[in-house]
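Structure, as structure tokens:
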Amino acid sequence: MACHLLLTDFTLPLKSPKLSHSRQQRKGRSNGSRKVSTTVAYYGLKTPPYNLDGLEPYMSKRALEVHWGVRHRGFVEDLNRQLRKSDILYGYTMDELVKTTFNNGNPLPEFNNVAEAWNHDFFWESMQPGGGDMPKLGLLGQIEKDFGSFTNFREKFVETALSLFGSGWVWLVLKRQDKRLAVVKTSNSINPIVWEGIPILNLDMWEHAYYLDYKNDKAKYVSMFMNHLVSWNAATDLLETCKLTATRICRAPYLGGFEPDICFIERYR
Amino acid sequence: MKRKKKKKNPRKPTRRMAAATSMVTSSSFTFPFQGLRLPILSYPCMKPERRIMRKDASNVITATYELKPPPYPLNALEPHMSRETLEYHWGKHHRTYVENLNKQIVGTDLEGPSLEDIIIVTYNRGDILPAFNSAAQAWNHDFFWESTRPGGGGKPSGDLLDLIKRDFGSFERFTEEFQSAAATQFGSGYAWLAYKANRLGVENAVNPWSSDNDKKLVIVKSPNAVNPLVWDYFPLLTIDVWEHAYYLDFQNRRAEYISMFMEKLVSWEAVNARLEKAKAEAAEREMEEERRKKEEEEWKPTDGDDDDEGLEMYVDSDDDSEAE
């Protein structure tokens with residue numbers, strides 16, 4: 001997800017946000033000048049790393065057209081509309097925005113939009129044409145270590161997905177404190193990065209994700225995902241990157257601390 | 001599919017009842033509930049509509065719920081709500097909720113109570129017990145089908161319209177607010193029009209005398225399977241905004257589905273009937289409360305005395321000669 005900065009004509013006095021990270025280009029701020037041309041941030045809708053028909057026949061082009069083209073796009077546009085009115089939330093990375101607007105469980109109005117934008121980005125990248133099968137090497141080793149076997153993991157993942165009531169997501173996460181993989185389910189738009197989790201994979205279990213292709217047959221959808229869509233390549237890349245010494249460290253204000261050997265993965269370039 | 005109803009013995013409902021003659025009644029609330037003392041339930045609840053069918057086979061009596069069909073054929077809401085949607089929504093989703101409910105209550109304490117009681121008990125003040133989702137969803141979907149009819153929509157009339165105008169300003173304002181609630185229920189859930197007749201949501205609170213002004217129409221939205229019975233409201237109308245309710249016909253366009261529902265499907269007749277029943281129940285509940293308060297007044301012990309007058313008399317007539 002690309003975060004662009006748009007230079008606007010009007011000048012506004014700046015409030016310096018308490019949680020600001022001035023990572024992006026911001027001109028004229030460091031000298032404490034109060035009246036500068038303002039930049040506002042907005043997010044762009046990132047396309048999935050395959051054509052919209054690339055996941056056929058397991059996820060139809062039509063499903064992608066509605067799910068990505070209308071729904072995901074809608075979240076990004078609604079988010080941008082909200083950000084236009086807020087200079088406090090200026091300049092955040094998506095991860096930071098998700099965590100900040102989660103507000104320790106009392107979410108701000110922007111939360112649903114930014115979290116769903118994040119979740120959907122991650123979802124498209126959790127899948128690939130010709131996916132499925134099994135992970136290899138390090139990730140397989142980690143799964144076997146943390147679940148006993150790949151079969152156990154798969155069972156756990158499927159069972160968690162099917163036991164989710166209402167709308168939500170299922171995740172394979174790396175738990176920072178425990179330093180182990182786990183399967184978690186979240187409601188609505190909640191994302192494990194608001195706790196200590198580093199997402200490795202997710203699966204959208206909102207009905208809109210599967211209704212057009214599978215109607216009420218959740219079990220078949222989850223099974224097709226595991227057999228044909230899940231991108232173990234993407235998952236492996238993520239996990240391996242997590243284990244490298246961090247090149248950049250995100251410090252989220254409300255978390256107790258941070259561990260320099262595990263970094264948050266930026267979901268946009 | 002036939003729906004069988006059984007007349008309930010208000011004093012001692014038990015799970016083991018002989019298969020009785022069934023009574024078909026209209027689909028709405030009856031009278032305030034009296035008699036069943038469920039351990040968790042400590043506030044008055046409405047007498048529920050009985051949907052239990054007792055089967056008598058090989059001397060084994062079980063309680064099961066049946067999937068009741070909508071009050072119209074599955075294609076009757078075309079072109080607004082497709083037959084395909086009804087086939088899945090009612091034929092698969094609703095059916096599964098009923099089947100799961102039966103599986104979850106068989107052999108438990110939940111076999112005896114009515115569906116409404118099961119919902120309230122398993123809601124458990126928010127810390128929901130396993131059967132809640134199935135029970136509430138079975139109830140919600142019955143309620144939803146009956147909130148709609150072919151050729152529905154339009155405007156209500158009579159008392160209902162008056163109340164709407166009183167509590168929302170105008171019918172248009174009501175429609176706006178209802179649609180907005182339905183549109184902003186994030187994730188799965190429902191929007192409701194309900195009749196709120198309770199003063200305070202807190203049990204054991206000392207309730208002042210309620211006046212008619214305390215009784216009003218409210219719009220509420222609820223997540224997942226929650227419904228206003230758990231808040232002791234009387235539901236009058238609902239719209240299902242789980243995605244399975246509209247995705248085949250409208251895909252992501254929830255707002256369109258909601259306005260279609262208001263314009264073409266709402267059965268104001270059903271809403272009206274429910275309102276009348278709700279008012280009657282609320283009135284009876286009030287009378288019951290008044291009666292209870294009066295009884296408490298009458299039986300209040302006098303200060304300082306442990307004994308009542310009878311005993312004192314007995315003590316006075318100790319003297320045998322006078323007793324003669």
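FYI, nothing fancy with the structure tokens labels: chains A, B, ... in order, residues from 1 per chain, ligands from 1 as they appear.
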
Neighbours of chain B in chain A at 12 Å, counting only C-alpha atoms, as a tab-separated table (two decimals) with all heavy atoms, in the first residue's frame:
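The result, written out as iface27.tsv:
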chain	number	residue	atom	x	y	z
A	62	ARG	N	-15.08	-12.55	-10.55
A	62	ARG	CA	-16.19	-11.71	-10.08
A	62	ARG	C	-16.05	-11.42	-8.58
A	62	ARG	O	-16.28	-10.30	-8.14
A	62	ARG	CB	-17.52	-12.41	-10.35
A	62	ARG	CG	-18.69	-11.62	-9.84
A	62	ARG	CD	-19.94	-11.82	-10.65
A	62	ARG	NE	-21.01	-10.98	-10.14
A	62	ARG	CZ	-21.95	-11.39	-9.30
A	62	ARG	NH1	-21.96	-12.63	-8.89
A	62	ARG	NH2	-22.88	-10.54	-8.87
A	63	ALA	N	-15.67	-12.47	-7.85
A	63	ALA	CA	-15.49	-12.28	-6.41
A	63	ALA	C	-14.42	-11.22	-6.15
A	63	ALA	O	-14.58	-10.34	-5.30
A	63	ALA	CB	-15.13	-13.59	-5.73
A	64	LEU	N	-13.31	-11.31	-6.89
A	64	LEU	CA	-12.24	-10.34	-6.72
A	64	LEU	C	-12.69	-8.93	-7.13
A	64	LEU	O	-12.36	-7.93	-6.50
A	64	LEU	CB	-11.02	-10.73	-7.56
A	64	LEU	CG	-9.91	-11.58	-6.95
A	64	LEU	CD1	-8.98	-10.77	-6.08
A	64	LEU	CD2	-10.40	-12.78	-6.21
A	65	GLU	N	-13.46	-8.88	-8.20
A	65	GLU	CA	-13.92	-7.57	-8.67
A	65	GLU	C	-14.74	-6.86	-7.61
A	65	GLU	O	-14.62	-5.66	-7.40
A	65	GLU	CB	-14.77	-7.73	-9.94
A	65	GLU	CG	-13.92	-7.87	-11.20
A	65	GLU	CD	-14.75	-8.29	-12.41
A	65	GLU	OE1	-15.94	-8.64	-12.25
A	65	GLU	OE2	-14.19	-8.27	-13.52
A	66	VAL	N	-15.59	-7.64	-6.92
A	66	VAL	CA	-16.42	-7.03	-5.88
A	66	VAL	C	-15.60	-6.85	-4.60
A	66	VAL	O	-15.62	-5.79	-3.98
A	66	VAL	CB	-17.67	-7.89	-5.60
A	66	VAL	CG1	-18.52	-7.26	-4.51
A	66	VAL	CG2	-18.49	-8.07	-6.86
A	67	HIS	N	-14.88	-7.89	-4.23
A	67	HIS	CA	-14.19	-7.87	-2.94
A	67	HIS	C	-13.07	-6.84	-2.94
A	67	HIS	O	-12.97	-5.99	-2.05
A	67	HIS	CB	-13.63	-9.27	-2.67
A	67	HIS	CG	-13.25	-9.50	-1.25
A	67	HIS	ND1	-12.81	-10.72	-0.79
A	67	HIS	CD2	-13.24	-8.69	-0.17
A	67	HIS	CE1	-12.55	-10.64	0.50
A	67	HIS	NE2	-12.81	-9.41	0.90
A	68	TRP	N	-12.21	-6.90	-3.98
A	68	TRP	CA	-11.12	-5.93	-4.04
A	68	TRP	C	-11.59	-4.62	-4.64
A	68	TRP	O	-11.39	-3.54	-4.08
A	68	TRP	CB	-9.95	-6.51	-4.86
A	68	TRP	CG	-8.88	-5.51	-5.12
A	68	TRP	CD1	-7.90	-5.09	-4.27
A	68	TRP	CD2	-8.69	-4.77	-6.33
A	68	TRP	NE1	-7.12	-4.13	-4.86
A	68	TRP	CE2	-7.58	-3.92	-6.13
A	68	TRP	CE3	-9.34	-4.72	-7.57
A	68	TRP	CZ2	-7.12	-3.04	-7.11
A	68	TRP	CZ3	-8.87	-3.86	-8.55
A	68	TRP	CH2	-7.77	-3.03	-8.32
A	69	GLY	N	-12.23	-4.74	-5.80
A	69	GLY	CA	-12.55	-3.54	-6.58
A	69	GLY	C	-13.57	-2.63	-5.94
A	69	GLY	O	-13.56	-1.43	-6.14
A	70	VAL	N	-14.49	-3.19	-5.15
A	70	VAL	CA	-15.52	-2.35	-4.55
A	70	VAL	C	-15.29	-2.22	-3.05
A	70	VAL	O	-15.16	-1.12	-2.53
A	70	VAL	CB	-16.93	-2.92	-4.83
A	70	VAL	CG1	-17.98	-2.00	-4.25
A	70	VAL	CG2	-17.14	-3.11	-6.32
A	71	ARG	N	-15.21	-3.36	-2.39
A	71	ARG	CA	-15.17	-3.30	-0.93
A	71	ARG	C	-13.85	-2.77	-0.38
A	71	ARG	O	-13.82	-1.83	0.40
A	71	ARG	CB	-15.44	-4.70	-0.38
A	71	ARG	CG	-15.68	-4.65	1.09
A	71	ARG	CD	-16.15	-5.96	1.63
A	71	ARG	NE	-16.29	-5.81	3.07
A	71	ARG	CZ	-17.37	-5.34	3.67
A	71	ARG	NH1	-18.41	-5.01	2.96
A	71	ARG	NH2	-17.42	-5.19	4.98
A	72	HIS	N	-12.75	-3.38	-0.84
A	72	HIS	CA	-11.43	-2.95	-0.36
A	72	HIS	C	-11.19	-1.51	-0.77
A	72	HIS	O	-10.75	-0.67	0.03
A	72	HIS	CB	-10.36	-3.89	-0.94
A	72	HIS	CG	-8.98	-3.63	-0.46
A	72	HIS	ND1	-7.91	-4.40	-0.85
A	72	HIS	CD2	-8.46	-2.71	0.38
A	72	HIS	CE1	-6.81	-3.94	-0.28
A	72	HIS	NE2	-7.11	-2.92	0.47
A	73	ARG	N	-11.53	-1.19	-1.99
A	73	ARG	CA	-11.39	0.18	-2.48
A	73	ARG	C	-12.20	1.13	-1.59
A	73	ARG	O	-11.75	2.22	-1.25
A	73	ARG	CB	-11.86	0.27	-3.92
A	73	ARG	CG	-11.60	1.65	-4.56
A	73	ARG	CD	-12.25	1.74	-5.93
A	73	ARG	NE	-11.79	0.68	-6.83
A	73	ARG	CZ	-10.69	0.73	-7.57
A	73	ARG	NH1	-9.93	1.81	-7.52
A	73	ARG	NH2	-10.36	-0.28	-8.37
A	74	GLY	N	-13.39	0.69	-1.24
A	74	GLY	CA	-14.24	1.52	-0.39
A	74	GLY	C	-13.58	1.86	0.94
A	74	GLY	O	-13.67	3.00	1.42
A	75	PHE	N	-12.93	0.90	1.55
A	75	PHE	CA	-12.26	1.17	2.82
A	75	PHE	C	-11.17	2.21	2.66
A	75	PHE	O	-11.00	3.11	3.50
A	75	PHE	CB	-11.65	-0.11	3.40
A	75	PHE	CG	-12.67	-1.06	3.96
A	75	PHE	CD1	-12.76	-2.36	3.52
A	75	PHE	CD2	-13.56	-0.63	4.94
A	75	PHE	CE1	-13.72	-3.23	4.03
A	75	PHE	CE2	-14.51	-1.49	5.46
A	75	PHE	CZ	-14.59	-2.79	5.00
A	109	PRO	N	-12.93	6.34	15.12
A	109	PRO	CA	-13.72	6.12	13.91
A	109	PRO	C	-12.91	5.61	12.72
A	109	PRO	O	-13.44	4.90	11.88
A	109	PRO	CB	-14.27	7.51	13.58
A	109	PRO	CG	-14.15	8.30	14.82
A	109	PRO	CD	-13.07	7.71	15.65
A	111	PHE	N	-10.60	3.46	12.73
A	111	PHE	CA	-10.02	2.12	12.90
A	111	PHE	C	-10.55	1.11	11.90
A	111	PHE	O	-9.77	0.40	11.26
A	111	PHE	CB	-10.24	1.58	14.32
A	111	PHE	CG	-9.73	0.18	14.50
A	111	PHE	CD1	-8.37	-0.07	14.56
A	111	PHE	CD2	-10.60	-0.90	14.53
A	111	PHE	CE1	-7.88	-1.37	14.69
A	111	PHE	CE2	-10.13	-2.20	14.66
A	111	PHE	CZ	-8.77	-2.44	14.74
A	112	ASN	N	-11.87	1.01	11.79
A	112	ASN	CA	-12.41	-0.01	10.90
A	112	ASN	C	-11.88	0.13	9.48
A	112	ASN	O	-11.54	-0.85	8.83
A	112	ASN	CB	-13.94	0.04	10.89
A	112	ASN	CG	-14.54	-0.60	12.14
A	112	ASN	OD1	-13.92	-1.45	12.77
A	112	ASN	ND2	-15.75	-0.22	12.48
A	113	ASN	N	-11.82	1.36	9.01
A	113	ASN	CA	-11.36	1.57	7.64
A	113	ASN	C	-9.90	1.20	7.47
A	113	ASN	O	-9.53	0.47	6.55
A	113	ASN	CB	-11.58	3.02	7.23
A	113	ASN	CG	-13.05	3.31	7.01
A	113	ASN	OD1	-13.80	2.45	6.56
A	113	ASN	ND2	-13.46	4.53	7.32
A	116	GLU	N	-9.33	-2.62	8.01
A	116	GLU	CA	-9.80	-3.44	6.90
A	116	GLU	C	-8.95	-3.23	5.65
A	116	GLU	O	-8.73	-4.17	4.89
A	116	GLU	CB	-11.28	-3.14	6.59
A	116	GLU	CG	-12.22	-3.78	7.59
A	116	GLU	CD	-12.26	-5.30	7.52
A	116	GLU	OE1	-11.44	-5.95	8.20
A	116	GLU	OE2	-13.09	-5.84	6.77
A	163	SER	N	-15.09	-22.09	13.31
A	163	SER	CA	-15.75	-21.80	14.59
A	163	SER	C	-15.94	-20.31	14.79
A	163	SER	O	-16.52	-19.88	15.78
A	163	SER	CB	-14.92	-22.36	15.74
A	163	SER	OG	-13.72	-21.62	15.86
A	164	LEU	N	-15.49	-19.52	13.87
A	164	LEU	CA	-15.66	-18.08	14.01
A	164	LEU	C	-17.12	-17.74	13.73
A	164	LEU	O	-17.64	-18.06	12.66
A	164	LEU	CB	-14.75	-17.36	13.02
A	164	LEU	CG	-14.49	-15.88	13.23
A	164	LEU	CD1	-13.20	-15.50	12.53
A	164	LEU	CD2	-15.60	-15.02	12.69
A	165	PHE	N	-17.77	-17.07	14.64
A	165	PHE	CA	-19.17	-16.72	14.47
A	165	PHE	C	-19.27	-15.25	14.10
A	165	PHE	O	-18.66	-14.41	14.72
A	165	PHE	CB	-19.96	-17.00	15.76
A	165	PHE	CG	-21.43	-16.81	15.63
A	165	PHE	CD1	-22.21	-17.74	14.95
A	165	PHE	CD2	-22.06	-15.69	16.16
A	165	PHE	CE1	-23.58	-17.57	14.81
A	165	PHE	CE2	-23.43	-15.51	16.03
A	165	PHE	CZ	-24.19	-16.45	15.36
A	166	GLY	N	-20.08	-14.94	13.07
A	166	GLY	CA	-20.14	-13.54	12.64
A	166	GLY	C	-19.03	-13.27	11.65
A	166	GLY	O	-18.57	-14.16	10.94
A	167	SER	N	-18.59	-12.02	11.61
A	167	SER	CA	-17.56	-11.63	10.63
A	167	SER	C	-16.21	-11.57	11.30
A	167	SER	O	-16.11	-11.22	12.47
A	167	SER	CB	-17.90	-10.24	10.07
A	167	SER	OG	-19.20	-10.23	9.56
A	168	GLY	N	-15.17	-11.88	10.54
A	168	GLY	CA	-13.83	-11.78	11.13
A	168	GLY	C	-12.78	-12.42	10.25
A	168	GLY	O	-13.01	-12.66	9.05
A	169	TRP	N	-11.64	-12.67	10.85
A	169	TRP	CA	-10.48	-13.18	10.14
A	169	TRP	C	-9.81	-14.28	10.95
A	169	TRP	O	-9.92	-14.31	12.18
A	169	TRP	CB	-9.45	-12.04	9.95
A	169	TRP	CG	-9.97	-10.88	9.19
A	169	TRP	CD1	-10.80	-9.89	9.65
A	169	TRP	CD2	-9.69	-10.56	7.82
A	169	TRP	NE1	-11.06	-8.98	8.65
A	169	TRP	CE2	-10.40	-9.36	7.53
A	169	TRP	CE3	-8.91	-11.15	6.82
A	169	TRP	CZ2	-10.34	-8.76	6.25
A	169	TRP	CZ3	-8.86	-10.55	5.56
A	169	TRP	CH2	-9.57	-9.37	5.29
A	186	THR	N	-10.05	-13.33	14.83
A	186	THR	CA	-10.42	-12.00	15.30
A	186	THR	C	-11.78	-11.62	14.73
A	186	THR	O	-12.15	-12.10	13.65
A	186	THR	CB	-9.39	-10.94	14.87
A	186	THR	OG1	-9.31	-10.91	13.44
A	186	THR	CG2	-8.02	-11.23	15.44
A	187	SER	N	-12.48	-10.76	15.45
A	187	SER	CA	-13.80	-10.34	15.00
A	187	SER	C	-13.73	-9.09	14.15
A	187	SER	O	-12.89	-8.23	14.36
A	187	SER	CB	-14.66	-9.97	16.22
A	187	SER	OG	-15.26	-11.11	16.71
A	188	ASN	N	-14.65	-9.00	13.23
A	188	ASN	CA	-14.82	-7.81	12.41
A	188	ASN	C	-13.51	-7.37	11.77
A	188	ASN	O	-13.02	-8.03	10.87
A	188	ASN	CB	-15.48	-6.70	13.22
A	188	ASN	CG	-16.94	-7.03	13.52
A	188	ASN	OD1	-17.46	-8.05	13.06
A	188	ASN	ND2	-17.60	-6.18	14.27
A	189	SER	N	-12.89	-6.29	12.24
A	189	SER	CA	-11.69	-5.82	11.58
A	189	SER	C	-10.45	-5.89	12.46
A	189	SER	O	-9.38	-5.41	12.07
A	189	SER	CB	-11.88	-4.37	11.11
A	189	SER	OG	-12.25	-3.57	12.20
A	190	ILE	N	-10.58	-6.51	13.59
A	190	ILE	CA	-9.44	-6.56	14.51
A	190	ILE	C	-8.26	-7.29	13.87
A	190	ILE	O	-8.44	-8.27	13.14
A	190	ILE	CB	-9.82	-7.26	15.82
A	190	ILE	CG1	-11.07	-6.64	16.40
A	190	ILE	CG2	-8.65	-7.20	16.79
A	190	ILE	CD1	-10.88	-5.63	17.46
A	205	MET	N	-12.78	-14.33	6.70
A	205	MET	CA	-13.95	-15.17	6.96
A	205	MET	C	-15.24	-14.36	7.00
A	205	MET	O	-16.28	-14.84	7.45
A	205	MET	CB	-13.78	-15.96	8.26
A	205	MET	CG	-12.73	-17.06	8.21
A	205	MET	SD	-12.96	-18.26	6.87
A	205	MET	CE	-14.52	-19.01	7.31
A	206	TRP	N	-15.18	-13.10	6.60
A	206	TRP	CA	-16.43	-12.37	6.39
A	206	TRP	C	-17.16	-13.10	5.27
A	206	TRP	O	-16.56	-13.63	4.34
A	206	TRP	CB	-16.15	-10.94	5.94
A	206	TRP	CG	-15.70	-9.98	6.99
A	206	TRP	CD1	-14.57	-10.02	7.75
A	206	TRP	CD2	-16.37	-8.78	7.36
A	206	TRP	NE1	-14.49	-8.94	8.59
A	206	TRP	CE2	-15.60	-8.14	8.36
A	206	TRP	CE3	-17.55	-8.15	6.95
A	206	TRP	CZ2	-15.96	-6.92	8.96
A	206	TRP	CZ3	-17.91	-6.95	7.53
A	206	TRP	CH2	-17.12	-6.35	8.52
A	207	GLU	N	-18.48	-13.11	5.33
A	207	GLU	CA	-19.24	-13.84	4.33
A	207	GLU	C	-18.99	-13.31	2.92
A	207	GLU	O	-19.01	-14.06	1.95
A	207	GLU	CB	-20.74	-13.78	4.68
A	207	GLU	CG	-21.07	-14.67	5.87
A	207	GLU	CD	-22.51	-14.55	6.32
A	207	GLU	OE1	-23.08	-13.44	6.25
A	207	GLU	OE2	-23.09	-15.56	6.75
A	208	HIS	N	-18.71	-12.01	2.82
A	208	HIS	CA	-18.51	-11.46	1.47
A	208	HIS	C	-17.32	-12.11	0.78
A	208	HIS	O	-17.21	-12.08	-0.43
A	208	HIS	CB	-18.35	-9.94	1.51
A	208	HIS	CG	-17.10	-9.47	2.20
A	208	HIS	ND1	-17.12	-8.71	3.34
A	208	HIS	CD2	-15.79	-9.63	1.92
A	208	HIS	CE1	-15.89	-8.44	3.75
A	208	HIS	NE2	-15.06	-8.99	2.89
A	209	ALA	N	-16.40	-12.68	1.56
A	209	ALA	CA	-15.19	-13.24	0.96
A	209	ALA	C	-15.50	-14.52	0.20
A	209	ALA	O	-14.77	-14.87	-0.73
A	209	ALA	CB	-14.16	-13.53	2.05
A	210	TYR	N	-16.54	-15.23	0.59
A	210	TYR	CA	-16.79	-16.51	-0.04
A	210	TYR	C	-18.21	-16.70	-0.57
A	210	TYR	O	-18.49	-17.68	-1.24
A	210	TYR	CB	-16.46	-17.66	0.93
A	210	TYR	CG	-17.23	-17.64	2.24
A	210	TYR	CD1	-18.48	-18.24	2.36
A	210	TYR	CD2	-16.69	-17.03	3.37
A	210	TYR	CE1	-19.17	-18.24	3.56
A	210	TYR	CE2	-17.38	-17.02	4.58
A	210	TYR	CZ	-18.61	-17.63	4.66
A	210	TYR	OH	-19.30	-17.61	5.86
A	211	TYR	N	-19.09	-15.77	-0.28
A	211	TYR	CA	-20.49	-16.02	-0.60
A	211	TYR	C	-20.76	-16.17	-2.08
A	211	TYR	O	-21.54	-17.01	-2.50
A	211	TYR	CB	-21.42	-14.97	0.01
A	211	TYR	CG	-22.66	-15.63	0.55
A	211	TYR	CD1	-22.63	-16.32	1.75
A	211	TYR	CD2	-23.85	-15.65	-0.18
A	211	TYR	CE1	-23.74	-16.99	2.24
A	211	TYR	CE2	-24.96	-16.31	0.30
A	211	TYR	CZ	-24.91	-16.98	1.50
A	211	TYR	OH	-26.01	-17.66	1.98
A	212	LEU	N	-20.10	-15.35	-2.91
A	212	LEU	CA	-20.40	-15.42	-4.33
A	212	LEU	C	-19.93	-16.75	-4.92
A	212	LEU	O	-20.54	-17.27	-5.84
A	212	LEU	CB	-19.75	-14.25	-5.07
A	212	LEU	CG	-20.29	-12.87	-4.67
A	212	LEU	CD1	-19.60	-11.77	-5.46
A	212	LEU	CD2	-21.80	-12.78	-4.89
A	213	ASP	N	-18.85	-17.29	-4.38
A	213	ASP	CA	-18.30	-18.53	-4.94
A	213	ASP	C	-18.79	-19.78	-4.23
A	213	ASP	O	-18.93	-20.83	-4.86
A	213	ASP	CB	-16.77	-18.50	-4.88
A	213	ASP	CG	-16.17	-17.45	-5.81
A	213	ASP	OD1	-16.83	-17.11	-6.80
A	213	ASP	OD2	-15.06	-16.97	-5.52
A	214	TYR	N	-19.03	-19.68	-2.96
A	214	TYR	CA	-19.33	-20.89	-2.18
A	214	TYR	C	-20.63	-20.80	-1.41
A	214	TYR	O	-21.02	-21.76	-0.74
A	214	TYR	CB	-18.19	-21.17	-1.20
A	214	TYR	CG	-16.87	-21.44	-1.87
A	214	TYR	CD1	-15.94	-20.42	-2.07
A	214	TYR	CD2	-16.56	-22.71	-2.35
A	214	TYR	CE1	-14.74	-20.65	-2.71
A	214	TYR	CE2	-15.35	-22.95	-2.98
A	214	TYR	CZ	-14.45	-21.92	-3.16
A	214	TYR	OH	-13.26	-22.16	-3.80
A	215	LYS	N	-21.31	-19.69	-1.49
A	215	LYS	CA	-22.53	-19.44	-0.73
A	215	LYS	C	-22.26	-19.80	0.74
A	215	LYS	O	-21.31	-19.32	1.31
A	215	LYS	CB	-23.70	-20.25	-1.32
A	215	LYS	CG	-23.82	-20.09	-2.82
A	215	LYS	CD	-25.00	-19.28	-3.23
A	215	LYS	CE	-25.20	-19.09	-4.72
A	215	LYS	NZ	-24.45	-19.88	-5.67
A	216	ASN	N	-23.09	-20.65	1.32
A	216	ASN	CA	-22.92	-20.89	2.75
A	216	ASN	C	-21.88	-21.96	3.07
A	216	ASN	O	-21.66	-22.26	4.24
A	216	ASN	CB	-24.25	-21.28	3.37
A	216	ASN	CG	-24.70	-22.65	2.89
A	216	ASN	OD1	-24.68	-22.92	1.70
A	216	ASN	ND2	-25.08	-23.52	3.80
A	217	ASP	N	-21.23	-22.52	2.06
A	217	ASP	CA	-20.32	-23.65	2.29
A	217	ASP	C	-18.94	-23.17	2.74
A	217	ASP	O	-17.96	-23.23	1.98
A	217	ASP	CB	-20.22	-24.50	1.03
A	217	ASP	CG	-19.69	-25.90	1.32
A	217	ASP	OD1	-19.14	-26.12	2.43
A	217	ASP	OD2	-19.83	-26.77	0.45
A	218	LYS	N	-18.88	-22.75	4.00
A	218	LYS	CA	-17.63	-22.21	4.54
A	218	LYS	C	-16.52	-23.25	4.48
A	218	LYS	O	-15.37	-22.93	4.18
A	218	LYS	CB	-17.85	-21.87	6.04
A	218	LYS	CG	-18.28	-20.49	6.32
A	218	LYS	CD	-17.99	-20.09	7.74
A	218	LYS	CE	-18.93	-20.70	8.74
A	218	LYS	NZ	-18.90	-19.94	10.02

### Query
Neighbours of A:Phe147 within 10 Å (only C-alpha atoms; same-chain residues fewer than 3 positions away dropped), as an NGL selection string?
:A and (141-144 or 150-154 or 156 or 180-183)

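Between B:Ala278 and the residues B:Gln185, B:Thr148, B:Asn198, B:Ser82, the shortest atom-to-atom distance, using only C-alpha atoms, involves B:Asn198.
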
### Message
Neighbouring residues of A:Ile193 were defined as those with any atom within 9 Å, considering only C-alpha atoms; residues of the same chain fewer than 5 positions away were excluded. Please report them as number ranges by chain.
### Response
A: 95, 98-99, 198-199, 264

### Message
Using only C-alpha atoms, can you tell me which of A:Pro129, A:Pro135, A:Pro49, A:Pro192 comes closest to A:Phe102?
### Response
A:Pro192

### Query
Do you have the atom CA of B:Ser267-atom CA of B:Ser147 distance handy?
5.3 Å

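Separating atom CA of B:Ala131 from atom CA of B:Val218 is a distance of 27.4 Å.
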
### Task
Run DSSP on the backbone and give me the residues of stretch 16-245 of chain A it puts in helix (DSSP H, G or I), as a VMD selection string.
chain A and resid 61 to 84 94 to 105 111 to 125 137 to 147 150 to 163 192 to 194 207 to 214 218 to 229 232 to 243

Cut-off 12 Å: closest stretch 87-138 of chain B/stretch 231-236 of chain B atom pairs per residue, using only C-alpha atoms, as a Markdown table:
| residue | atom | partner | partner_atom | distance |
| --- | --- | --- | --- | --- |
| B:Glu116 | CA | B:Asp232 | CA | 10.8 |
| B:Asp117 | CA | B:Asp232 | CA | 11.4 |
| B:Ile119 | CA | B:Trp231 | CA | 11.2 |
| B:Ile120 | CA | B:Trp231 | CA | 8.8 |
| B:Val121 | CA | B:Trp231 | CA | 12.0 |
| B:Tyr123 | CA | B:Trp231 | CA | 10.1 |
| B:Asn124 | CA | B:Trp231 | CA | 11.3 |
| B:Arg125 | CA | B:Trp231 | CA | 9.1 |
| B:Gly126 | CA | B:Trp231 | CA | 10.4 |

Just write the chosen residues, C-alpha atoms, as a PDB file, in the first residue's frame.
ATOM      1  CA  GLU B 116     -37.178 -16.845  24.272  1.00  0.00           C
ATOM      2  CA  ASP B 117     -36.211 -18.113  27.698  1.00  0.00           C
ATOM      3  CA  ILE B 119     -32.099 -16.893  24.576  1.00  0.00           C
ATOM      4  CA  ILE B 120     -32.273 -14.823  27.730  1.00  0.00           C
ATOM      5  CA  VAL B 121     -30.668 -17.474  29.899  1.00  0.00           C
ATOM      6  CA  TYR B 123     -27.192 -14.594  26.876  1.00  0.00           C
ATOM      7  CA  ASN B 124     -26.035 -14.653  30.443  1.00  0.00           C
ATOM      8  CA  ARG B 125     -25.733 -10.866  30.619  1.00  0.00           C
ATOM      9  CA  GLY B 126     -23.287 -10.778  27.731  1.00  0.00           C
TER      10      GLY B 126
END

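Comparing B:Pro228, B:Ile219, B:Glu284, B:Ile128 by their smallest distance to B:Glu176, the closest is B:Ile219 (using only C-alpha atoms).
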
#### Entry: Atomic distance atom CA of A:Lys85 - atom CA of A:Trp118, expressed in Å with one decimal
20.3 Å

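Restricting the calculation to only C-alpha atoms, the smallest distance between B:Asp240 and any of B:Lys103, B:His80, B:Arg292, B:His141 is found for B:His141.
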